[in-house]
Amino acid sequence: MLIDSVTTAERFAISDVSIPVLASPNNTFGFLSDPAFDYYFQDIADRVLAGGQIIPWPSPCGFNCSYTFSFVGPAYQCEDLGPFASLSINITDIFDSGAAVSGDGGVMPPFWNESLLFCAVDDGGNETRPVGLWIFYDSLNQTLLCELYNSTYTTTVSYVNTVQRIENHLEYHNLIINGAALAQEVLSAPNISDTFTNLDVWADLNLYFLEAITSAMLTGYVIDVQDNLAVATYAAFWTGVAEWNSNFTTTDEDDLLFLTFKDLVHKVPEFLVNVTLSLISFGDAHNVTFLPVSSKVIVETTTLATSTSYPATYSYASTTLWQLYGTALGFATICVILGSGMLYTNAVVGQLTFSQVLVTTRNPTLDKISKGAGLGGKYITDRVQKASVENFQEGRWGLARKMRFNL
């Protein structure tokens, strides 16, 4: 076998590439004036909830490559507060301050007791309380508070055979407070066009809008009343998080908690991050053009990308190569020796053309016999036809020597 083994070697190339990224939040995206935003964004949030992962976008840099970019976006920090009974909070006040952009932040369940398996409500905050998400679950034995921060995303995206992988790092900055009141102030402004051009208003407000649209997938409740289920939240079907006990029809009191949630303290912040990054797949699906300003949610920016290739490296069997090359070199050497000997014997160097052959093979005896018969046909005399090799005895060896050069 000629090839002993085939391996691949990594090769890297770095170049500028244009990538999609979330625009700065201090732009007017039209959240309050275009219902299409709710439709697009909630569709993305729903797909992330059902798929349990980020919605990928096409590679801007080839089959195998990676790049890193940063942008400002919303992020949760969550804390497990324990049983609801141990907390001194006004649950009605929280429901009343619900989201001002996507519903009311969660419907108040008909019962507030141990029959409540899950309840999530978006908190719009106030002058001192930050925007956040409250989740009560496990029959009110668990309470989760997630507060909203202005954060910097530093995201590394890599593609291996066009399959996307994402690593994200968050840097938390300030809390977003009083979101619902700020949104209501914008909506009730005498001249709403002025608010669209006042970009200082939007820096925190857009982060609140993104959070409210995302949390709308979680808000609502699951309640069990006399073994009858009332499900009013998408969170009950959260892939990889919501787990249903197959014994939920039993009358055994130990099995009444048939809906459990895995690691919400980490899964809720991850959900908001995944939805925010998935917006990049949103691309140019919507562009605000009817407002006093025109802004895209997703913009293009330039960054360095590292492209990776894997050329094949062949390793050959040396023994087989020497057998082949040795044979070829041997025959070539023999041919060179024979040719050199012929050249030395002939002492003539020339090209293999008709004129060269003609002058090299000429013989005086042959010229004499062929005189007058050069046209062939009827001009060929009996003397030419009856001529034999013996007729050329005088120049035979010279002719043979010359013809040997031409073979």
# chains A, B, ... in the order shown; residues from 1 in each chain; ligands from 1
$ select_by_dssp --residues "region 108-290 of chain A" --states "alpha helix (DSSP H)" --output "PyMOL selection string"
chain A and resi 179-187+192-197+202-215+264-278
$ residues_around --residues "Ser151 (chain A)" --least-positions-apart "3" --cutoff "6 Å" --atoms "only C-alpha atoms" --output "PyMOL selection string"
chain A and resi 72-74+171-173
$ closest_residue --among "A:Ala312, A:Leu366, A:Ile213, A:Ile223" --to "Leu140 (chain A)" --atoms "only C-alpha atoms"
A:Ile223
$ residues_around --residues "region 202-210 of chain A" --least-positions-apart "2" --cutoff "7 Å" --atoms "only C-alpha atoms" --output "PDB file with C-alpha atoms, in the first residue's frame"
ATOM      1  CA  PRO A  25     -30.935  49.999  23.374  1.00  0.00           C
ATOM      2  CA  ASN A  26     -30.998  53.801  23.283  1.00  0.00           C
ATOM      3  CA  ASN A  27     -32.694  53.621  19.874  1.00  0.00           C
ATOM      4  CA  THR A  28     -36.381  53.807  19.066  1.00  0.00           C
ATOM      5  CA  GLY A  73     -28.929  43.762  26.669  1.00  0.00           C
ATOM      6  CA  PRO A  74     -31.264  42.725  29.506  1.00  0.00           C
ATOM      7  CA  VAL A 101     -46.362  46.281  27.295  1.00  0.00           C
ATOM      8  CA  ILE A 176     -33.727  48.754  35.848  1.00  0.00           C
ATOM      9  CA  GLY A 179     -40.233  50.315  34.231  1.00  0.00           C
ATOM     10  CA  ALA A 183     -43.673  53.080  29.867  1.00  0.00           C
ATOM     11  CA  LEU A 199     -33.224  58.676  23.011  1.00  0.00           C
ATOM     12  CA  ASP A 200     -32.377  59.091  26.714  1.00  0.00           C
ATOM     13  CA  ALA A 212     -41.578  41.937  29.518  1.00  0.00           C
ATOM     14  CA  ILE A 213     -42.038  40.237  26.145  1.00  0.00           C
ATOM     15  CA  THR A 214     -39.811  37.361  27.260  1.00  0.00           C
TER      16      THR A 214
END
$ select_by_dssp --residues "region 34-234 of chain A" --states "strand (DSSP E or B)" --output "VMD selection string"
chain A and resid 65 to 80 116 to 123 130 132 to 137 142 to 160 163 to 175 177 220 to 225 228 to 231
$ residues_around --residues "Asp263 (chain A)" --least-positions-apart "4" --cutoff "10 Å" --atoms "only C-alpha atoms" --output "list in words"
Val241, Ala242, Lys267 and Val268 of chain A
$ residues_around --residues "Asp138 (chain A)" --least-positions-apart "2" --cutoff "10 Å" --atoms "only C-alpha atoms" --output "list of chain:residue names"
A:Pro83, A:Glu114, A:Ser115, A:Leu116, A:Leu117, A:Phe118, A:Cys119, A:Phe136, A:Leu140, A:Asn141, A:Gln142, A:Thr143, A:Leu257, A:Phe258, A:Leu259, A:Thr260, A:Phe261
$ write_last_selection --atoms "N, CA and C atoms" --output "PDB file, in the first residue's frame"
ATOM      1  N   PRO A  83     -40.043  29.638  51.161  1.00  0.00           N
ATOM      2  CA  PRO A  83     -41.506  29.571  51.144  1.00  0.00           C
ATOM      3  C   PRO A  83     -42.139  30.953  51.127  1.00  0.00           C
ATOM      4  N   GLU A 114     -52.029  26.216  48.956  1.00  0.00           N
ATOM      5  CA  GLU A 114     -51.135  25.127  48.578  1.00  0.00           C
ATOM      6  C   GLU A 114     -51.561  24.424  47.288  1.00  0.00           C
ATOM      7  N   SER A 115     -52.749  24.693  46.793  1.00  0.00           N
ATOM      8  CA  SER A 115     -53.161  24.091  45.520  1.00  0.00           C
ATOM      9  C   SER A 115     -52.492  24.770  44.324  1.00  0.00           C
ATOM     10  N   LEU A 116     -51.807  25.883  44.559  1.00  0.00           N
ATOM     11  CA  LEU A 116     -51.125  26.616  43.489  1.00  0.00           C
ATOM     12  C   LEU A 116     -49.782  25.936  43.217  1.00  0.00           C
ATOM     13  N   LEU A 117     -49.688  25.232  42.098  1.00  0.00           N
ATOM     14  CA  LEU A 117     -48.448  24.517  41.755  1.00  0.00           C
ATOM     15  C   LEU A 117     -47.404  25.447  41.143  1.00  0.00           C
ATOM     16  N   PHE A 118     -47.875  26.475  40.458  1.00  0.00           N
ATOM     17  CA  PHE A 118     -46.939  27.401  39.809  1.00  0.00           C
ATOM     18  C   PHE A 118     -47.666  28.715  39.562  1.00  0.00           C
ATOM     19  N   CYS A 119     -46.965  29.813  39.800  1.00  0.00           N
ATOM     20  CA  CYS A 119     -47.498  31.134  39.468  1.00  0.00           C
ATOM     21  C   CYS A 119     -46.328  32.070  39.209  1.00  0.00           C
ATOM     22  N   PHE A 136     -43.694  31.707  42.061  1.00  0.00           N
ATOM     23  CA  PHE A 136     -44.080  30.941  43.252  1.00  0.00           C
ATOM     24  C   PHE A 136     -44.447  29.529  42.776  1.00  0.00           C
ATOM     25  N   LEU A 140     -46.363  26.790  46.802  1.00  0.00           N
ATOM     26  CA  LEU A 140     -45.957  27.975  47.573  1.00  0.00           C
ATOM     27  C   LEU A 140     -44.809  27.701  48.534  1.00  0.00           C
ATOM     28  N   ASN A 141     -44.151  26.555  48.391  1.00  0.00           N
ATOM     29  CA  ASN A 141     -42.992  26.256  49.238  1.00  0.00           C
ATOM     30  C   ASN A 141     -41.700  26.845  48.677  1.00  0.00           C
ATOM     31  N   GLN A 142     -41.734  27.334  47.437  1.00  0.00           N
ATOM     32  CA  GLN A 142     -40.558  27.930  46.819  1.00  0.00           C
ATOM     33  C   GLN A 142     -40.942  29.271  46.206  1.00  0.00           C
ATOM     34  N   THR A 143     -40.082  30.265  46.417  1.00  0.00           N
ATOM     35  CA  THR A 143     -40.281  31.597  45.839  1.00  0.00           C
ATOM     36  C   THR A 143     -38.995  32.033  45.163  1.00  0.00           C
ATOM     37  N   LEU A 257     -48.226  16.629  43.950  1.00  0.00           N
ATOM     38  CA  LEU A 257     -47.272  17.548  43.332  1.00  0.00           C
ATOM     39  C   LEU A 257     -46.731  16.907  42.058  1.00  0.00           C
ATOM     40  N   PHE A 258     -47.571  16.879  41.041  1.00  0.00           N
ATOM     41  CA  PHE A 258     -47.195  16.170  39.829  1.00  0.00           C
ATOM     42  C   PHE A 258     -46.458  17.056  38.831  1.00  0.00           C
ATOM     43  N   LEU A 259     -46.340  18.356  39.109  1.00  0.00           N
ATOM     44  CA  LEU A 259     -45.596  19.266  38.231  1.00  0.00           C
ATOM     45  C   LEU A 259     -44.432  19.854  39.013  1.00  0.00           C
ATOM     46  N   THR A 260     -43.230  19.603  38.546  1.00  0.00           N
ATOM     47  CA  THR A 260     -42.033  20.136  39.198  1.00  0.00           C
ATOM     48  C   THR A 260     -41.201  20.898  38.171  1.00  0.00           C
ATOM     49  N   PHE A 261     -40.332  21.766  38.678  1.00  0.00           N
ATOM     50  CA  PHE A 261     -39.488  22.589  37.818  1.00  0.00           C
ATOM     51  C   PHE A 261     -38.033  22.425  38.241  1.00  0.00           C
TER      52      PHE A 261
END
$ atom_distance --atom1 "CA of Leu229 (chain A)" --atom2 "CA of Val121 (chain A)"
19.2 Å
$ residues_around --residues "Val131 (chain A)" --least-positions-apart "6" --cutoff "8 Å" --atoms "only C-alpha atoms" --output "list of chain:residue names"
A:Asp122, A:Asp123, A:Gly124, A:Gly125, A:Glu147, A:Leu148, A:Leu175, A:Ile176, A:Ile177, A:Asn178, A:Gly179, A:Tyr208
$ write_last_selection --atoms "C-alpha atoms" --output "compact mmCIF listing (two decimals), in the first residue's frame"
# COMPACT_ATOMS: atom_id res chain seq x y z
CA ASP A 122 -43.94 40.22 35.92
CA ASP A 123 -43.14 43.07 38.31
CA GLY A 124 -42.96 46.46 36.63
CA GLY A 125 -41.28 47.92 39.71
CA GLU A 147 -34.34 41.26 39.03
CA LEU A 148 -33.56 42.98 35.74
CA LEU A 175 -30.76 47.67 37.98
CA ILE A 176 -33.73 48.75 35.85
CA ILE A 177 -36.30 50.41 38.11
CA ASN A 178 -39.78 51.84 37.67
CA GLY A 179 -40.23 50.31 34.23
CA TYR A 208 -37.70 46.53 30.12
$ atom_distance --atom1 "CA of Cys335 (chain A)" --atom2 "CA of Thr353 (chain A)"
21.6 Å
$ closest_residue --among "A:Phe271, A:Tyr67, A:Tyr149, A:Tyr310" --to "Asn161 (chain A)" --atoms "only C-alpha atoms"
A:Tyr310
$ residues_around --residues "Cys146 (chain A)" --least-positions-apart "5" --cutoff "9 Å" --atoms "only C-alpha atoms" --output "list in words"
Tyr76, Gln77, Cys78, Glu79, Asp80, Val131, Gly132, Leu133, Trp134, Ile135, Val265, Val268 and Pro269 of chain A
$ atom_distance --atom1 "CA of Thr155 (chain A)" --atom2 "CA of Asn168 (chain A)"
4.4 Å
$ closest_residue --among "A:Leu277, A:Ala45, A:Met108, A:Ala85" --to "Tyr153 (chain A)" --atoms "only C-alpha atoms"
A:Leu277
